[in-house]
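Structure, as structure tokens:
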Amino acid sequence: MEPGLCVAEPLGLFLCVGAWVCTLTTTILPQWLTLSTELLQTESYQLGLWETCVVQDLGGIECRPYDSMLGLPGDIRLARILMCVAVATGLLGLLVPIPGLTYVNCCNGRGGERTKRVLRVLGGAFSFLAGIICLVPVSYMAHLTVLKFWDDTIPDIVPRWEFGEALFCGWTAGFLHIVGGIVFASSHFCYEEESDSKATRSLEMQALDNTSQTRVEYV
């Protein structure tokens, strides 16, 4: 096996692991939106999917979880559901292709290579889907924040919510999921090229053997 043809699998696995960790971190972090006021400069507020927090400049932080899911605003409730789906789908995208990796001693029977190829493509599809699902709530929350920040009907004295660290982590997770899914799904093309090159070399060696045998018989 040529060294360059094996890069896609470990690279795809590395990207999917990083993407899933970022997706899980985005779901848990309370810093989806942040708010600071001029009246209380020593305090800032953080809004997440599971809780809201008050952060003191001295380092103290106090968080309070939401009492009920049904009482949440529609955007928070939708973002929570979609992020949980993204975490589950991303985990499938990480686990499904593992038996299909070349260095994993699995599915080595008849038709095993085809099964491995299907698992890699299926894992890439799950990862790609997880990236799309993750980007939807993150981008939607960012869109609503921008609309409210530039809303002229709200007085300038009223504090405005701004982007938190979780949104940037979510965008990173979605991008990594999509790239990792594409790498996994396209890895089988490398092995098809490798099989073609092996078949070509085998035919060339067979032709050389036949030529040598003909020359010996002629002599």
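Identifiers for the structure tokens are assigned positionally: chains receive A, B, ... in sequence, residues are indexed from 1 per chain, and ligands are indexed from 1 in the order shown.
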Go through segment 132-165 of chain A residue by residue and, counting only C-alpha atoms, keep those with an atom at most 12 Å from segment 27-51 of chain A; for each kept residue give the shortest atom pair and its distance in Å to one decimal, ordered by chain and increasing number, as CSV.
```
residue,atom,partner,partner_atom,distance
A:Cys134,CA,A:Thr27,CA,9.5
A:Pro137,CA,A:Thr27,CA,10.5
A:Val138,CA,A:Trp32,CA,8.6
A:Ser139,CA,A:Trp32,CA,11.2
A:Tyr140,CA,A:Trp32,CA,11.7
A:Met141,CA,A:Trp32,CA,8.4
A:Ala142,CA,A:Leu33,CA,8.8
A:His143,CA,A:Leu33,CA,11.9
A:Leu144,CA,A:Leu33,CA,10.9
A:Thr145,CA,A:Leu33,CA,8.3
A:Val146,CA,A:Leu33,CA,11.2
A:Phe149,CA,A:Leu35,CA,11.2
A:Asp156,CA,A:Thr37,CA,11.7
A:Ile157,CA,A:Glu38,CA,9.2
A:Val158,CA,A:Thr37,CA,8.5
A:Pro159,CA,A:Thr37,CA,5.9
A:Arg160,CA,A:Leu35,CA,6.4
A:Trp161,CA,A:Leu35,CA,4.9
A:Glu162,CA,A:Thr34,CA,5.3
A:Phe163,CA,A:Leu33,CA,5.1
A:Gly164,CA,A:Leu33,CA,4.5
A:Glu165,CA,A:Gln31,CA,5.6
```
Q: Would you mind reading off the distance between atom CA of Cys169 of chain A and atom CA of Thr23 of chain A, one decimal, in Å?
A: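 We find that atom CA of Cys169 of chain A and atom CA of Thr23 of chain A lie 7.6 Å from each other.
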Exercise for review: Can you list, as JSON, numbers by chain, all residues belonging to segment 2-204 of chain A that DSSP tags as alpha helix (DSSP H)?
Suggested key: {"A": [8, 9, 10, 11, 12, 13, 14, 15, 16, 17, 18, 19, 20, 21, 22, 23, 24, 25, 26, 27, 28, 74, 75, 76, 77, 78, 79, 80, 81, 82, 83, 84, 85, 86, 87, 88, 89, 90, 91, 92, 93, 94, 95, 112, 113, 114, 115, 116, 117, 118, 119, 120, 121, 122, 123, 124, 125, 126, 127, 128, 129, 130, 131, 132, 133, 134, 135, 136, 137, 138, 139, 140, 141, 142, 143, 144, 145, 146, 147, 148, 149, 165, 166, 167, 168, 169, 170, 171, 172, 173, 174, 175, 176, 177, 178, 179, 180, 181, 182, 183, 184, 185, 186, 187, 188, 189, 190, 191, 192, 193, 194, 195, 196, 197, 198, 199, 200, 201, 202, 203, 204]}
Could you tell me which of A:Phe184, A:Trp20, A:Phe168, A:Phe14 comes closest to Leu119 of chain A if we count only C-alpha atoms?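 Using only C-alpha atoms, Leu119 of chain A sits closest to A:Phe184.
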### Polymer residues at most 6 Å from segment 15-18 of chain A, only C-alpha atoms, same-chain spacing of 6 or more positions, as a list in words
Leu94, Leu176, His177 and Gly180 of chain A
Expected file: the selected residues, all heavy atoms, as a short mmCIF file (atom, residue, chain, number, x, y, z; two decimals), in the first residue's frame:
```cif
data_model
loop_
_atom_site.label_atom_id
_atom_site.label_comp_id
_atom_site.auth_asym_id
_atom_site.auth_seq_id
_atom_site.Cartn_x
_atom_site.Cartn_y
_atom_site.Cartn_z
N LEU A 94 -18.55 9.19 13.95
CA LEU A 94 -17.23 8.83 14.49
C LEU A 94 -17.07 7.33 14.68
O LEU A 94 -16.00 6.77 14.44
CB LEU A 94 -17.02 9.56 15.82
CG LEU A 94 -15.72 9.28 16.58
CD1 LEU A 94 -14.51 9.68 15.74
CD2 LEU A 94 -15.72 10.02 17.90
N LEU A 176 -15.54 21.49 10.83
CA LEU A 176 -14.75 20.27 10.97
C LEU A 176 -15.56 19.03 10.62
O LEU A 176 -15.05 18.09 10.00
CB LEU A 176 -14.19 20.16 12.39
CG LEU A 176 -13.12 21.18 12.78
CD1 LEU A 176 -12.71 20.97 14.23
CD2 LEU A 176 -11.91 21.09 11.87
N HIS A 177 -16.83 19.00 11.02
CA HIS A 177 -17.69 17.87 10.70
C HIS A 177 -17.85 17.72 9.18
O HIS A 177 -17.77 16.60 8.64
CB HIS A 177 -19.07 18.05 11.33
CG HIS A 177 -19.22 17.38 12.66
ND1 HIS A 177 -18.93 16.03 12.86
CD2 HIS A 177 -19.65 17.85 13.86
CE1 HIS A 177 -19.18 15.72 14.11
NE2 HIS A 177 -19.60 16.80 14.75
N GLY A 180 -14.42 16.66 7.68
CA GLY A 180 -14.15 15.27 8.05
C GLY A 180 -15.05 14.29 7.32
O GLY A 180 -14.60 13.22 6.89
#
```
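The gap separating atom CA of Thr89 of chain A from atom CA of Cys53 of chain A is 28.6 Å, in Å to one decimal.
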